[in-house]
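Reading through the structure tokens given below for one structure.
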Amino acid sequence: MPTHPSFETLAAEPWSDYALLDSGGGRKLERFGARILDRPDSQALWARSQPDAAWDAADARFTGGKDEEGQGNWDILKRHADRPWPLSYGDVRCEAQLSSFRHVGIFPEQRVHWDFIQPRVGPEFSLLNMFGYTGLASLLPAAKGAKVTHVDASKKAIAWARTNQELSGLTDAPVRWICDDAARFAAREVRRGNRYDGIVLDPPKYGRGPKNEVWRLEEQLPTLLADVRAMLDGDSSFMVLTAYATHLSALTLRRLVEDAMDGFGGVITHGEMTLREEGSGRLLPTSLFVRWQRDD
């Protein structure tokens, strides 16, 4: 009988500039630095553990937007809460701001990947970060001397990431900022014969590139993973895949990665990413992940 791969749950712990304060009733209450935010979360179906007074202390509350990709509005409950404010993680500083898609420029559950990547990179390490958004997964390795290629289809996201680079004092760090459709960029890199020591990809369920290219996760992920494999070689260390707001299971994602990495060796793990609630310790699911890494 074949062995069945185990399912892992990764928990992102609170840190000085972030905490999940409470969750329940389809919402989550979070502290991002100096701001307390009340945002919807379809996974939080249980009862809240904190009193109403804790939720009433929020600086802003997001309403509307039926899912992660739907736009909505922020109700500003306290003065100046709509202005950008600073956050930090390790050696990286970033600017947080309220967006119409409920996000603020940082996904705290990604801490589990940041902490996985940082001990594995250093000077001369080449990292490709596709769908890189505002750049923390690029800047944290760059702070350790890694050569980073950051790809995102949004000019606004690239500009935000470069602002974070300046705030972090990393303007001289070896980061290439590329505004392009990630799938098209990967295909070109394969044709050029370029390779990387590590690759991070965080594709959306649906998206559009700068030239109106259409991205659909279920349709295009297998081809992208084949290109990812082609950009890795016997000296490469890892590949990290995250998927949000998808009907695919973590096991499906793992099977796709197994197909792409067949014969390549190494270890594959898969499962769910979560946020650990401060105080209660409850876990709030956020996304699915698959990692491939060279045997330690």
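Identifiers in the structure tokens: chain A, B, ... in order shown; residue index from 1 per chain; ligand index from 1 in order shown.
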For Ile199 (chain A), work out the shell of residues within 7 Å, counting only C-alpha atoms and skipping chain neighbours fewer than 4 positions away, then give it as a short mmCIF file (atom, residue, chain, number, x, y, z; two decimals) with all heavy atoms, in the first residue's frame.
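The resulting file, selection04.cif, is reproduced below:
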```cif
data_model
loop_
_atom_site.label_atom_id
_atom_site.label_comp_id
_atom_site.auth_asym_id
_atom_site.auth_seq_id
_atom_site.Cartn_x
_atom_site.Cartn_y
_atom_site.Cartn_z
N LEU A 127 17.27 34.22 -5.31
CA LEU A 127 15.88 33.93 -4.97
C LEU A 127 14.95 34.58 -5.98
O LEU A 127 15.11 35.76 -6.30
CB LEU A 127 15.57 34.46 -3.57
CG LEU A 127 14.11 34.29 -3.10
CD1 LEU A 127 13.83 32.83 -2.78
CD2 LEU A 127 13.82 35.16 -1.89
N LEU A 128 13.97 33.84 -6.44
CA LEU A 128 12.92 34.37 -7.30
C LEU A 128 11.63 34.41 -6.50
O LEU A 128 11.18 33.37 -5.98
CB LEU A 128 12.74 33.49 -8.54
CG LEU A 128 11.55 33.81 -9.46
CD1 LEU A 128 11.62 35.23 -10.01
CD2 LEU A 128 11.44 32.78 -10.58
N ASN A 129 11.02 35.58 -6.40
CA ASN A 129 9.75 35.74 -5.69
C ASN A 129 8.70 36.19 -6.69
O ASN A 129 8.71 37.34 -7.14
CB ASN A 129 9.91 36.78 -4.56
CG ASN A 129 8.64 36.93 -3.74
OD1 ASN A 129 7.73 36.11 -3.81
ND2 ASN A 129 8.57 38.00 -2.95
N PHE A 238 15.11 25.21 -2.20
CA PHE A 238 13.71 25.11 -1.82
C PHE A 238 12.79 25.75 -2.86
O PHE A 238 13.22 26.56 -3.69
CB PHE A 238 13.45 25.75 -0.45
CG PHE A 238 13.76 27.22 -0.38
CD1 PHE A 238 12.88 28.18 -0.86
CD2 PHE A 238 14.95 27.67 0.19
CE1 PHE A 238 13.17 29.54 -0.79
CE2 PHE A 238 15.26 29.02 0.26
CZ PHE A 238 14.36 29.96 -0.23
N MET A 239 11.51 25.38 -2.74
CA MET A 239 10.41 26.02 -3.46
C MET A 239 9.25 26.11 -2.49
O MET A 239 8.93 25.14 -1.78
CB MET A 239 10.01 25.23 -4.71
CG MET A 239 8.94 25.88 -5.57
SD MET A 239 7.24 25.64 -4.98
CE MET A 239 7.05 23.88 -5.16
N VAL A 240 8.62 27.28 -2.42
CA VAL A 240 7.49 27.50 -1.51
C VAL A 240 6.29 27.97 -2.33
O VAL A 240 6.38 28.95 -3.06
CB VAL A 240 7.83 28.55 -0.44
CG1 VAL A 240 6.61 28.83 0.44
CG2 VAL A 240 9.02 28.08 0.42
#
```
Can you tell me which residues surround Asp227 (chain A) at a distance of at most 7 Å, considering only C-alpha atoms, apart from same-chain residues fewer than 3 positions away, and format the answer as a PDB file with N, CA and C atoms, in the first residue's frame?
```pdb
ATOM      1  N   ALA A 186       8.232  33.600 -16.139  1.00  0.00           N
ATOM      2  CA  ALA A 186       8.824  32.290 -15.869  1.00  0.00           C
ATOM      3  C   ALA A 186       9.136  31.555 -17.172  1.00  0.00           C
ATOM      4  N   ALA A 187       8.223  31.607 -18.129  1.00  0.00           N
ATOM      5  CA  ALA A 187       8.456  30.927 -19.408  1.00  0.00           C
ATOM      6  C   ALA A 187       9.680  31.503 -20.117  1.00  0.00           C
ATOM      7  N   VAL A 190      12.904  30.266 -18.456  1.00  0.00           N
ATOM      8  CA  VAL A 190      13.216  28.892 -18.857  1.00  0.00           C
ATOM      9  C   VAL A 190      13.900  28.889 -20.221  1.00  0.00           C
ATOM     10  N   THR A 223       1.362  24.289 -15.488  1.00  0.00           N
ATOM     11  CA  THR A 223       2.396  24.784 -16.407  1.00  0.00           C
ATOM     12  C   THR A 223       3.414  25.638 -15.680  1.00  0.00           C
ATOM     13  N   LEU A 224       2.930  26.494 -14.759  1.00  0.00           N
ATOM     14  CA  LEU A 224       3.854  27.329 -14.000  1.00  0.00           C
ATOM     15  C   LEU A 224       4.789  26.480 -13.150  1.00  0.00           C
ATOM     16  N   ALA A 230      12.001  23.780 -13.981  1.00  0.00           N
ATOM     17  CA  ALA A 230      13.066  24.023 -14.955  1.00  0.00           C
ATOM     18  C   ALA A 230      14.033  25.105 -14.493  1.00  0.00           C
ATOM     19  N   MET A 231      13.588  25.971 -13.575  1.00  0.00           N
ATOM     20  CA  MET A 231      14.473  27.024 -13.063  1.00  0.00           C
ATOM     21  C   MET A 231      15.226  26.601 -11.810  1.00  0.00           C
TER      22      MET A 231
END
```
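The closest residue to Arg83 (chain A), picked from A:Asp295, A:Asp59, A:Glu30, A:Asp180 and counting only C-alpha atoms, is A:Asp59.
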Given only C-alpha atoms as the counted atoms, nearest of A:Arg35, A:Arg102, A:Arg48, A:Arg191 to Thr63 (chain A):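 That would be A:Arg102, the residue with the smallest distance to Thr63 (chain A).
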Contacts between region 7-13 of chain A and region 102-194 of chain A, please, where a residue of region 102-194 of chain A counts if it comes within 6 Å (with only C-alpha atoms); show its shortest atom pair and distance in Å to one decimal, rows by chain and ascending number, as a tab-separated table.
```
residue	atom	partner	partner_atom	distance
A:Glu109	CA	A:Ala12	CA	5.3
A:Arg111	CA	A:Ala12	CA	5.8
A:Val112	CA	A:Ala12	CA	5.5
```
May I ask for the distance between CA of Gly122 (chain A) and CA of Tyr196 (chain A), given in Å to one decimal place?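 That distance, rounded to one decimal, is 13.3 Å.
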If you run DSSP on this backbone, which residues of region 58-118 of chain A come out as helix (DSSP H, G or I), and could you give them as a list in words? Pro108, Glu109, Gln110, Arg111, Val112, His113, Trp114, Asp115, Phe116, Ile117 and Gln118 of chain A
Residues from the last selection, all heavy atoms, saved as an mmCIF file, in the first residue's frame:
```cif
data_model
loop_
_atom_site.group_PDB
_atom_site.id
_atom_site.type_symbol
_atom_site.label_atom_id
_atom_site.label_comp_id
_atom_site.auth_asym_id
_atom_site.auth_seq_id
_atom_site.Cartn_x
_atom_site.Cartn_y
_atom_site.Cartn_z
ATOM 1 N N PRO A 108 0.347 38.561 7.704
ATOM 2 C CA PRO A 108 1.130 38.066 8.848
ATOM 3 C C PRO A 108 1.290 36.558 8.894
ATOM 4 O O PRO A 108 2.272 36.061 9.451
ATOM 5 C CB PRO A 108 0.348 38.581 10.064
ATOM 6 C CG PRO A 108 -1.007 38.915 9.551
ATOM 7 C CD PRO A 108 -0.831 39.330 8.130
ATOM 8 N N GLU A 109 0.355 35.800 8.282
ATOM 9 C CA GLU A 109 0.515 34.349 8.267
ATOM 10 C C GLU A 109 1.748 33.922 7.485
ATOM 11 O O GLU A 109 2.291 32.828 7.691
ATOM 12 C CB GLU A 109 -0.728 33.673 7.696
ATOM 13 C CG GLU A 109 -1.024 33.987 6.247
ATOM 14 C CD GLU A 109 -1.873 35.232 6.060
ATOM 15 O OE1 GLU A 109 -2.003 36.031 7.025
ATOM 16 O OE2 GLU A 109 -2.400 35.418 4.942
ATOM 17 N N GLN A 110 2.232 34.804 6.575
ATOM 18 C CA GLN A 110 3.424 34.479 5.796
ATOM 19 C C GLN A 110 4.682 34.431 6.656
ATOM 20 O O GLN A 110 5.750 34.018 6.190
ATOM 21 C CB GLN A 110 3.598 35.496 4.672
ATOM 22 C CG GLN A 110 2.572 35.390 3.558
ATOM 23 C CD GLN A 110 2.820 34.217 2.633
ATOM 24 O OE1 GLN A 110 3.940 33.734 2.516
ATOM 25 N NE2 GLN A 110 1.779 33.749 1.969
ATOM 26 N N ARG A 111 4.568 34.817 7.930
ATOM 27 C CA ARG A 111 5.713 34.713 8.833
ATOM 28 C C ARG A 111 6.296 33.300 8.833
ATOM 29 O O ARG A 111 7.513 33.128 8.954
ATOM 30 C CB ARG A 111 5.297 35.093 10.256
ATOM 31 C CG ARG A 111 6.427 34.911 11.241
ATOM 32 C CD ARG A 111 6.072 35.194 12.685
ATOM 33 N NE ARG A 111 7.259 35.026 13.498
ATOM 34 C CZ ARG A 111 7.327 35.300 14.781
ATOM 35 N NH1 ARG A 111 6.272 35.765 15.432
ATOM 36 N NH2 ARG A 111 8.446 35.126 15.446
ATOM 37 N N VAL A 112 5.442 32.286 8.704
ATOM 38 C CA VAL A 112 5.949 30.911 8.737
ATOM 39 C C VAL A 112 6.897 30.655 7.575
ATOM 40 O O VAL A 112 7.851 29.868 7.696
ATOM 41 C CB VAL A 112 4.793 29.885 8.742
ATOM 42 C CG1 VAL A 112 3.930 30.064 9.987
ATOM 43 C CG2 VAL A 112 3.935 29.974 7.473
ATOM 44 N N HIS A 113 6.653 31.305 6.430
ATOM 45 C CA HIS A 113 7.567 31.154 5.292
ATOM 46 C C HIS A 113 8.792 32.047 5.454
ATOM 47 O O HIS A 113 9.905 31.644 5.106
ATOM 48 C CB HIS A 113 6.841 31.487 3.986
ATOM 49 C CG HIS A 113 5.806 30.487 3.595
ATOM 50 N ND1 HIS A 113 5.876 29.154 3.942
ATOM 51 C CD2 HIS A 113 4.653 30.627 2.872
ATOM 52 C CE1 HIS A 113 4.832 28.520 3.458
ATOM 53 N NE2 HIS A 113 4.072 29.393 2.805
ATOM 54 N N TRP A 114 8.601 33.278 5.948
ATOM 55 C CA TRP A 114 9.758 34.157 6.180
ATOM 56 C C TRP A 114 10.767 33.465 7.088
ATOM 57 O O TRP A 114 11.967 33.500 6.825
ATOM 58 C CB TRP A 114 9.311 35.473 6.810
ATOM 59 C CG TRP A 114 8.285 36.242 6.064
ATOM 60 C CD1 TRP A 114 8.013 36.180 4.718
ATOM 61 C CD2 TRP A 114 7.360 37.190 6.608
ATOM 62 N NE1 TRP A 114 6.983 37.038 4.403
ATOM 63 C CE2 TRP A 114 6.560 37.667 5.536
ATOM 64 C CE3 TRP A 114 7.144 37.695 7.892
ATOM 65 C CZ2 TRP A 114 5.560 38.624 5.723
ATOM 66 C CZ3 TRP A 114 6.137 38.635 8.087
ATOM 67 C CH2 TRP A 114 5.361 39.091 7.010
ATOM 68 N N ASP A 115 10.268 32.827 8.145
ATOM 69 C CA ASP A 115 11.160 32.173 9.108
ATOM 70 C C ASP A 115 11.786 30.912 8.523
ATOM 71 O O ASP A 115 12.884 30.512 8.929
ATOM 72 C CB ASP A 115 10.392 31.829 10.385
ATOM 73 C CG ASP A 115 9.975 33.060 11.178
ATOM 74 O OD1 ASP A 115 10.451 34.169 10.854
ATOM 75 O OD2 ASP A 115 9.151 32.918 12.104
ATOM 76 N N PHE A 116 11.100 30.279 7.591
ATOM 77 C CA PHE A 116 11.665 29.117 6.904
ATOM 78 C C PHE A 116 12.786 29.531 5.953
ATOM 79 O O PHE A 116 13.831 28.876 5.856
ATOM 80 C CB PHE A 116 10.553 28.395 6.130
ATOM 81 C CG PHE A 116 11.031 27.350 5.160
ATOM 82 C CD1 PHE A 116 11.341 26.071 5.591
ATOM 83 C CD2 PHE A 116 11.166 27.643 3.801
ATOM 84 C CE1 PHE A 116 11.779 25.106 4.694
ATOM 85 C CE2 PHE A 116 11.596 26.687 2.895
ATOM 86 C CZ PHE A 116 11.902 25.409 3.354
ATOM 87 N N ILE A 117 12.579 30.639 5.241
ATOM 88 C CA ILE A 117 13.511 31.059 4.199
ATOM 89 C C ILE A 117 14.783 31.675 4.762
ATOM 90 O O ILE A 117 15.890 31.378 4.288
ATOM 91 C CB ILE A 117 12.808 32.059 3.249
ATOM 92 C CG1 ILE A 117 11.709 31.351 2.448
ATOM 93 C CG2 ILE A 117 13.814 32.728 2.307
ATOM 94 C CD1 ILE A 117 10.803 32.295 1.693
ATOM 95 N N GLN A 118 14.663 32.525 5.774
ATOM 96 C CA GLN A 118 15.804 33.326 6.215
ATOM 97 C C GLN A 118 17.045 32.519 6.584
ATOM 98 O O GLN A 118 18.154 32.906 6.205
ATOM 99 C CB GLN A 118 15.384 34.246 7.364
ATOM 100 C CG GLN A 118 14.576 35.454 6.883
ATOM 101 C CD GLN A 118 14.316 36.444 8.002
ATOM 102 O OE1 GLN A 118 13.417 36.254 8.796
ATOM 103 N NE2 GLN A 118 15.120 37.488 8.060
#
```
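Shortest atom-to-atom contact with Thr242 (chain A) among A:Asn212, A:Gln50, A:Ser287, A:Gln97: A:Ser287, counting only C-alpha atoms.
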Write out as a list in words each polymer residue whose atoms come within 9 Å of Trp55 (chain A), counting only C-alpha atoms; drop sequence neighbours fewer than 5 positions from it. Asp22, Leu29, Ile36, Leu37, Asp38 and Gln50 of chain A
As a ChimeraX atom specification, please: the residues near Asp181 (chain A) (cut-off 12 Å, only C-alpha atoms, same-chain neighbours under 6 positions excluded). /A:130-132,150-155,187-188,203,207-215,224
Hey, which of A:Ser88, A:Ser236, A:Ser6, A:Ser100 ends up closest to Gly72 (chain A)? Count only C-alpha atoms.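 With only C-alpha atoms as the atom set, the closest residue is A:Ser100.
Between Arg61 (chain A) and the candidates A:Ala182, A:Leu167, A:Leu87, A:Leu98, the tightest atom-to-atom separation, counting only C-alpha atoms, involves A:Leu98.
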Point-to-point distance from CA of Glu189 (chain A) to CA of Glu166 (chain A), Å rounded to tenths: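 These atoms are spaced 27.6 Å apart.
Distances to Trp15 (chain A) were evaluated for A:Gln220, A:Tyr89, A:Asn73, A:Asp262 using only C-alpha atoms, and the minimum falls at A:Tyr89.
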For CA of Lys144 (chain A) and CA of Trp177 (chain A), the interatomic separation in Å (one decimal): 17.4 Å
Determine which residues of region 116-245 of chain A DSSP labels as strand (DSSP E) from the backbone of this structure, then write them out as an MDAnalysis selection string. chainID A and resid 126:130 147:152 175:179 198:201 206:208 214:216 238:243
Find the residues around Val175 (chain A) up to 8 Å (only C-alpha atoms counted), leave out those fewer than 2 positions away in its own chain, and share them as a ChimeraX atom specification. /A:138,142,147-150,173,177
Residues of the last selection are to be written out with C-alpha atoms, as a PDB file, in the first residue's frame.
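New file part.pdb:
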```pdb
ATOM      1  CA  SER A 138      11.952  39.703  -1.051  1.00  0.00           C
ATOM      2  CA  ALA A 142      17.855  40.788   0.598  1.00  0.00           C
ATOM      3  CA  LYS A 147      20.188  38.338  -4.823  1.00  0.00           C
ATOM      4  CA  VAL A 148      16.440  38.682  -5.280  1.00  0.00           C
ATOM      5  CA  THR A 149      14.259  38.886  -8.384  1.00  0.00           C
ATOM      6  CA  HIS A 150      10.810  40.185  -7.431  1.00  0.00           C
ATOM      7  CA  ALA A 173      20.483  45.631  -1.818  1.00  0.00           C
ATOM      8  CA  TRP A 177      11.944  44.775  -9.359  1.00  0.00           C
TER       9      TRP A 177
END
```
